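Undergrad: Just dropping this structure here.
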Amino acid sequence: MRSVAFALCAVAACMASGCPSGGGDGPGVPDGAGGPDGNVDGVNWDLPELPSLAEEQAAIAPAITGMKSALAARDAPAAIQLVAPESRDAYEAIFAETPELMPLLAAALESAQLMMVSEDDRTYDNTLRRIGDVEVEYDGIVFHATVAKVDGAWLFVKF
């Protein structure tokens, strides 16, 4: 899944160089006359192969297990290490102010399961990163947590 900004950029690039429309590689370009990848617009649409949801579920399991253990032990420093850098200060304050919530969060994470992964367009620093939605059911209520892949490791962004 790409962001709206990505889609708008793709449309603008297509409009600027002439969008392919049916047969041929573009307006006035016969079939096969495009570049080595078949594109005439100069944009390489060959996106890298990303891990599947099943592969990412396996990759996130250690983060979920580690977070459950840290929260159950009320070990705030260990739990904070499993939180994305941009969210650490907020969760450090939450854990310091309400340590009694930590075991409750640990219990809730028993049912945690990665449900969806996509790319997150972080326009504030011009980067993309893999994000995921973790579904958590606790006491009959379904909650969602956001996780992000930071330097190859899955970390919690928000509970």
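Residues are named by chain letter and number: chains run A, B, ... in the order of the structure tokens, numbers start at 1 in each chain, and ligands are numbered from 1 in the order shown.
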Using backbone DSSP assignments, extract all strand (DSSP E or B) residues from segment 96-148 of chain A; output them as an mmCIF file with N, CA and C atoms, in the first residue's frame.
TA:
```cif
data_model
loop_
_atom_site.group_PDB
_atom_site.id
_atom_site.type_symbol
_atom_site.label_atom_id
_atom_site.label_comp_id
_atom_site.auth_asym_id
_atom_site.auth_seq_id
_atom_site.Cartn_x
_atom_site.Cartn_y
_atom_site.Cartn_z
ATOM 1 N N GLN A 113 -1.355 -10.356 17.370
ATOM 2 C CA GLN A 113 -1.084 -10.990 16.082
ATOM 3 C C GLN A 113 -0.945 -9.901 15.015
ATOM 4 N N LEU A 114 0.112 -9.982 14.237
ATOM 5 C CA LEU A 114 0.318 -9.040 13.135
ATOM 6 C C LEU A 114 -0.718 -9.331 12.059
ATOM 7 N N MET A 115 -1.525 -8.324 11.736
ATOM 8 C CA MET A 115 -2.625 -8.519 10.795
ATOM 9 C C MET A 115 -2.347 -7.950 9.401
ATOM 10 N N MET A 116 -1.507 -6.905 9.335
ATOM 11 C CA MET A 116 -1.300 -6.225 8.074
ATOM 12 C C MET A 116 0.050 -5.524 8.105
ATOM 13 N N VAL A 117 0.717 -5.490 6.962
ATOM 14 C CA VAL A 117 1.957 -4.727 6.821
ATOM 15 C C VAL A 117 1.859 -3.860 5.572
ATOM 16 N N SER A 118 2.511 -2.716 5.625
ATOM 17 C CA SER A 118 2.545 -1.823 4.473
ATOM 18 C C SER A 118 3.753 -0.914 4.610
ATOM 19 N N GLU A 119 3.905 -0.038 3.632
ATOM 20 C CA GLU A 119 4.973 0.952 3.691
ATOM 21 C C GLU A 119 4.391 2.236 4.257
ATOM 22 N N ASP A 120 5.113 2.885 5.159
ATOM 23 C CA ASP A 120 4.702 4.140 5.761
ATOM 24 C C ASP A 120 5.532 5.253 5.140
ATOM 25 N N ASP A 121 4.859 6.198 4.513
ATOM 26 C CA ASP A 121 5.527 7.348 3.910
ATOM 27 C C ASP A 121 5.736 8.386 5.005
ATOM 28 N N ARG A 122 6.962 8.480 5.490
ATOM 29 C CA ARG A 122 7.293 9.422 6.559
ATOM 30 C C ARG A 122 7.742 10.727 5.917
ATOM 31 N N THR A 127 11.534 9.547 4.315
ATOM 32 C CA THR A 127 11.900 8.138 4.284
ATOM 33 C C THR A 127 10.645 7.276 4.233
ATOM 34 N N LEU A 128 10.851 6.050 3.855
ATOM 35 C CA LEU A 128 9.803 5.040 3.906
ATOM 36 C C LEU A 128 10.231 3.994 4.911
ATOM 37 N N ARG A 129 9.290 3.382 5.581
ATOM 38 C CA ARG A 129 9.612 2.252 6.440
ATOM 39 C C ARG A 129 8.411 1.326 6.484
ATOM 40 N N ARG A 130 8.672 0.099 6.808
ATOM 41 C CA ARG A 130 7.641 -0.934 6.901
ATOM 42 C C ARG A 130 6.895 -0.740 8.215
ATOM 43 N N ILE A 131 5.576 -0.715 8.163
ATOM 44 C CA ILE A 131 4.773 -0.625 9.381
ATOM 45 C C ILE A 131 3.777 -1.779 9.390
ATOM 46 N N GLY A 132 3.232 -2.052 10.560
ATOM 47 C CA GLY A 132 2.260 -3.118 10.678
ATOM 48 C C GLY A 132 1.199 -2.802 11.706
ATOM 49 N N ASP A 133 0.091 -3.487 11.561
ATOM 50 C CA ASP A 133 -1.027 -3.372 12.487
ATOM 51 C C ASP A 133 -1.091 -4.663 13.290
ATOM 52 N N VAL A 134 -0.978 -4.540 14.608
ATOM 53 C CA VAL A 134 -1.059 -5.701 15.497
ATOM 54 C C VAL A 134 -2.415 -5.663 16.182
ATOM 55 N N GLU A 135 -3.165 -6.727 16.008
ATOM 56 C CA GLU A 135 -4.473 -6.826 16.643
ATOM 57 C C GLU A 135 -4.321 -7.502 18.001
ATOM 58 N N VAL A 136 -4.947 -6.903 19.007
ATOM 59 C CA VAL A 136 -4.889 -7.412 20.375
ATOM 60 C C VAL A 136 -6.316 -7.486 20.900
ATOM 61 N N GLU A 137 -6.719 -8.651 21.374
ATOM 62 C CA GLU A 137 -8.042 -8.784 21.970
ATOM 63 C C GLU A 137 -7.870 -8.956 23.470
ATOM 64 N N TYR A 138 -8.565 -8.126 24.227
ATOM 65 C CA TYR A 138 -8.477 -8.194 25.684
ATOM 66 C C TYR A 138 -9.861 -7.994 26.262
ATOM 67 N N ILE A 141 -12.642 -7.106 23.878
ATOM 68 C CA ILE A 141 -12.515 -5.882 23.088
ATOM 69 C C ILE A 141 -11.255 -5.981 22.231
ATOM 70 N N VAL A 142 -11.376 -5.592 20.969
ATOM 71 C CA VAL A 142 -10.238 -5.645 20.048
ATOM 72 C C VAL A 142 -9.576 -4.279 20.000
ATOM 73 N N PHE A 143 -8.265 -4.275 20.207
ATOM 74 C CA PHE A 143 -7.448 -3.070 20.140
ATOM 75 C C PHE A 143 -6.433 -3.251 19.015
ATOM 76 N N HIS A 144 -5.840 -2.162 18.595
ATOM 77 C CA HIS A 144 -4.814 -2.217 17.555
ATOM 78 C C HIS A 144 -3.583 -1.461 18.014
ATOM 79 N N ALA A 145 -2.436 -2.059 17.789
ATOM 80 C CA ALA A 145 -1.155 -1.424 18.069
ATOM 81 C C ALA A 145 -0.436 -1.255 16.736
ATOM 82 N N THR A 146 0.385 -0.232 16.651
ATOM 83 C CA THR A 146 1.170 -0.004 15.447
ATOM 84 C C THR A 146 2.620 -0.359 15.734
ATOM 85 N N VAL A 147 3.219 -1.076 14.813
ATOM 86 C CA VAL A 147 4.628 -1.440 14.919
ATOM 87 C C VAL A 147 5.343 -0.932 13.668
ATOM 88 N N ALA A 148 6.644 -0.759 13.785
ATOM 89 C CA ALA A 148 7.440 -0.306 12.643
ATOM 90 C C ALA A 148 8.749 -1.072 12.620
#
```
Undergrad: Rounded to one decimal place, report the atom CA of Ala106 of chain A-atom CA of Lys68 of chain A distance in Å.
TA: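 Answer for the atom CA of Ala106 of chain A to atom CA of Lys68 of chain A separation: 4.5 Å.
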Undergrad: Tell me which of A:Leu82, A:Ala73, A:Leu50, A:Ala90 sits closest to Ala153 of chain A, counting only C-alpha atoms.
TA: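 Smallest separation from Ala153 of chain A among the options: A:Leu82.
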Undergrad: Please determine, counting only C-alpha atoms, which residue among A:Trp154, A:Ala58, A:Ile80, A:Ile64 has the shortest atom-to-atom distance to Ala93 of chain A.
TA: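 Residue with the minimum atom-to-atom distance to Ala93 of chain A: A:Ile80.
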Undergrad: Could you tell me how far atom CA of Asp151 of chain A sits from atom CA of Glu49 of chain A, in Å to one decimal place?
TA: 17.4 Å
